[in-house]
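Asker: Provided herewith is a single structure, encoded as structure tokens, for subsequent inquiry.
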Amino acid sequence: AGLGSVELGVRALVIYTHAACSFLLCLYSTDAAHKSVLLCCQLVAASSCFHQWRTSDPVNFLVRAGASLTRAGNDFHFVACGRVWYWVDCDGQGLRDEREPFRILMMLNAVRLIGNAVSLSLQYWYPMAGVSLVTGNQQLWWRGAWRTNGIAIHASMGILKATWLIGTPFERPVIETVVHFIRAFILIPAESRSLIRQYYEPGRRTSRVGMSLQPWPGK
């Protein structure tokens, strides 16, 4: 099938960096119950992007959609139960104390992940939707815009952990705040920019090779 868009390789690298951050959090035992699931899903998504870049196999859209839905379920478990393993009784008190803002933000993140999964599935089922001489699949643009929600979510979590929880029994290690800021201000913007660049990639391509509408592999 040939190579897909180089932007898939870019996103694979970005998501592997997300996974490295999650691995670091697991090493520091900061909510290993949920960060270990997050790490596995990020590794799957990054490997899927890399495989799609090398092969243009569209089934990878569904693989990443599944990873997003798994992460959403993981986040919903955090909202309901807190930082406990799946086989341990839930800690619902976090919905009524200083941790409440984090439960709300995590719920918003779960909704964000569901939207990402829907977009990936639509791109699989409708690969030529919105494709023209100057743009790729319309879901690339929507997904690039939708993912920017994560900037506000992670920035808010980082700020709250550095201020709201200080001096409480729930004070978090600095590494958590640092990772939130890395995700918010470096990794998520890089993902979104890559998706938007890929959306406009056919236009850059036709400007080089002439005006011929050919599906760009790996959209």
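Residue numbers start at 1 in each chain; chains themselves are named A, B, ... in the order of the structure tokens; ligands are numbered from 1 in the order shown.
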Each residue of stretch 33-122 of chain A with at least one atom at most 8 Å from stretch 15-23 of chain A should appear once, together with its nearest atom pair and the corresponding distance in Å (one decimal); atoms considered: only C-alpha atoms; ordering: chain, then increasing residue number; output as CSV.
Answerer:
residue,atom,partner,partner_atom,distance
A:Lys35,CA,A:Ser22,CA,6.0
A:Ser36,CA,A:Ser22,CA,7.5
A:Leu38,CA,A:Ser22,CA,7.1
A:Leu39,CA,A:Ala19,CA,5.2
A:Cys40,CA,A:Ala19,CA,7.9
A:Gln42,CA,A:Ala19,CA,5.5
A:Leu43,CA,A:Ala19,CA,6.2
A:Ala45,CA,A:Ile15,CA,7.2
A:Ala46,CA,A:Ile15,CA,5.2
Asker: Which of chain A end up as helix (DSSP H, G or I) when DSSP is run on this backbone - answer as a VMD selection string?
Answerer: chain A and resid 6 to 27 32 to 55 59 to 81 92 to 95 100 to 125 138 to 147 149 to 163 174 to 199 201 to 209
Asker: Need the shell around A:Ser156: protein/DNA/RNA residues with any atom at most 10 Å away, counting only C-alpha atoms. Skip same-chain ones fewer than 2 positions apart. Format as a PyMOL selection string?
Answerer: chain A and resi 101-102+105+150-154+158-162+177+180-181+184
Asker: Could you pull the residues within 8 Å of A:Glu7, counting only C-alpha atoms, minus those fewer than 6 positions along the same chain, as a list in words?
Answerer: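 My list of contacting residues is Trp53, Ser194, Leu195, Arg197 and Gln198 of chain A.
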Asker: Near A:Gly73, counting only C-alpha atoms, which residues have an atom at most 9 Å away, once you skip same-chain residues fewer than 5 positions from it, shown as a list in words?
Answerer: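 Listed by chain and then number, they are Ser68, Phe78 and Ala110 of chain A.
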Asker: Just N, CA and C atoms for this one: save the residues we selected as a PDB file, in the first residue's frame.
Answerer:
ATOM      1  N   SER A  68      -8.724   4.905  22.570  1.00  0.00           N
ATOM      2  CA  SER A  68      -9.351   6.099  23.147  1.00  0.00           C
ATOM      3  C   SER A  68     -10.527   5.731  24.049  1.00  0.00           C
ATOM      4  N   PHE A  78     -11.749   6.430  37.350  1.00  0.00           N
ATOM      5  CA  PHE A  78     -11.090   7.367  38.256  1.00  0.00           C
ATOM      6  C   PHE A  78     -12.098   8.338  38.867  1.00  0.00           C
ATOM      7  N   ALA A 110     -12.568  12.391  29.712  1.00  0.00           N
ATOM      8  CA  ALA A 110     -13.172  11.173  29.185  1.00  0.00           C
ATOM      9  C   ALA A 110     -14.089  11.498  27.998  1.00  0.00           C
TER      10      ALA A 110
END
Asker: Quote the spacing between atom CA of A:Gly4 and atom CA of A:Ala190 in Å to one decimal place.
Answerer: 18.6 Å
Asker: Measure the distance from atom CA of A:Glu98 to atom CA of A:Pro169 in Å and round it to one decimal.
Answerer: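 The value is 9.3 Å.
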Asker: Could you give me, as a list in words, the residues within 10 Å of A:Arg54, counting only C-alpha atoms and dropping anything in the same chain fewer than 2 positions from it?
Answerer: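 Counting only C-alpha atoms, the residues come to Ala1, Gly2, Leu3, Gly4, Ser5, Val6, Leu8, Gly9, Ser48, Cys49, Phe50, His51, Gln52, Ser56, Asp57 and Gly218 of chain A.
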Asker: Determine, counting only C-alpha atoms, which protein, DNA and RNA residues have an atom within 9 Å of an atom of A:Ala80; residues of the same chain fewer than 3 positions away are not included. Present the result as an NGL selection string.
Answerer: :A and (75-77 or 90-92 or 94-95 or 103)
Asker: Restrict the selected residues to N, CA, C and O atoms and save them as a tab-separated table (two decimals), in the first residue's frame.
Answerer:
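Writing done, so here's part_8.tsv:
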chain	number	residue	atom	x	y	z
A	75	ASP	N	-10.75	6.67	32.70
A	75	ASP	CA	-10.99	7.97	33.34
A	75	ASP	C	-12.30	7.98	34.12
A	75	ASP	O	-12.38	8.56	35.21
A	76	PHE	N	-13.34	7.36	33.55
A	76	PHE	CA	-14.62	7.30	34.27
A	76	PHE	C	-14.47	6.51	35.58
A	76	PHE	O	-15.09	6.85	36.59
A	77	HIS	N	-13.63	5.47	35.56
A	77	HIS	CA	-13.38	4.73	36.79
A	77	HIS	C	-12.69	5.61	37.82
A	77	HIS	O	-13.02	5.58	39.02
A	90	CYS	N	-14.37	1.40	45.87
A	90	CYS	CA	-14.25	2.78	45.39
A	90	CYS	C	-14.13	3.78	46.53
A	90	CYS	O	-14.68	3.57	47.62
A	91	ASP	N	-13.42	4.87	46.24
A	91	ASP	CA	-13.30	5.98	47.18
A	91	ASP	C	-14.15	7.14	46.62
A	91	ASP	O	-13.65	7.99	45.89
A	92	GLY	N	-15.42	7.15	46.96
A	92	GLY	CA	-16.32	8.18	46.46
A	92	GLY	C	-16.19	9.51	47.17
A	92	GLY	O	-16.76	10.51	46.73
A	94	GLY	N	-13.84	11.48	47.20
A	94	GLY	CA	-13.16	12.47	46.37
A	94	GLY	C	-14.09	13.36	45.58
A	94	GLY	O	-13.67	14.40	45.05
A	95	LEU	N	-15.35	12.99	45.49
A	95	LEU	CA	-16.35	13.83	44.82
A	95	LEU	C	-16.89	14.91	45.75
A	95	LEU	O	-17.68	15.76	45.30
A	103	ARG	N	-11.84	15.37	39.70
A	103	ARG	CA	-12.80	14.38	39.20
A	103	ARG	C	-13.60	14.98	38.03
A	103	ARG	O	-13.86	14.31	37.04
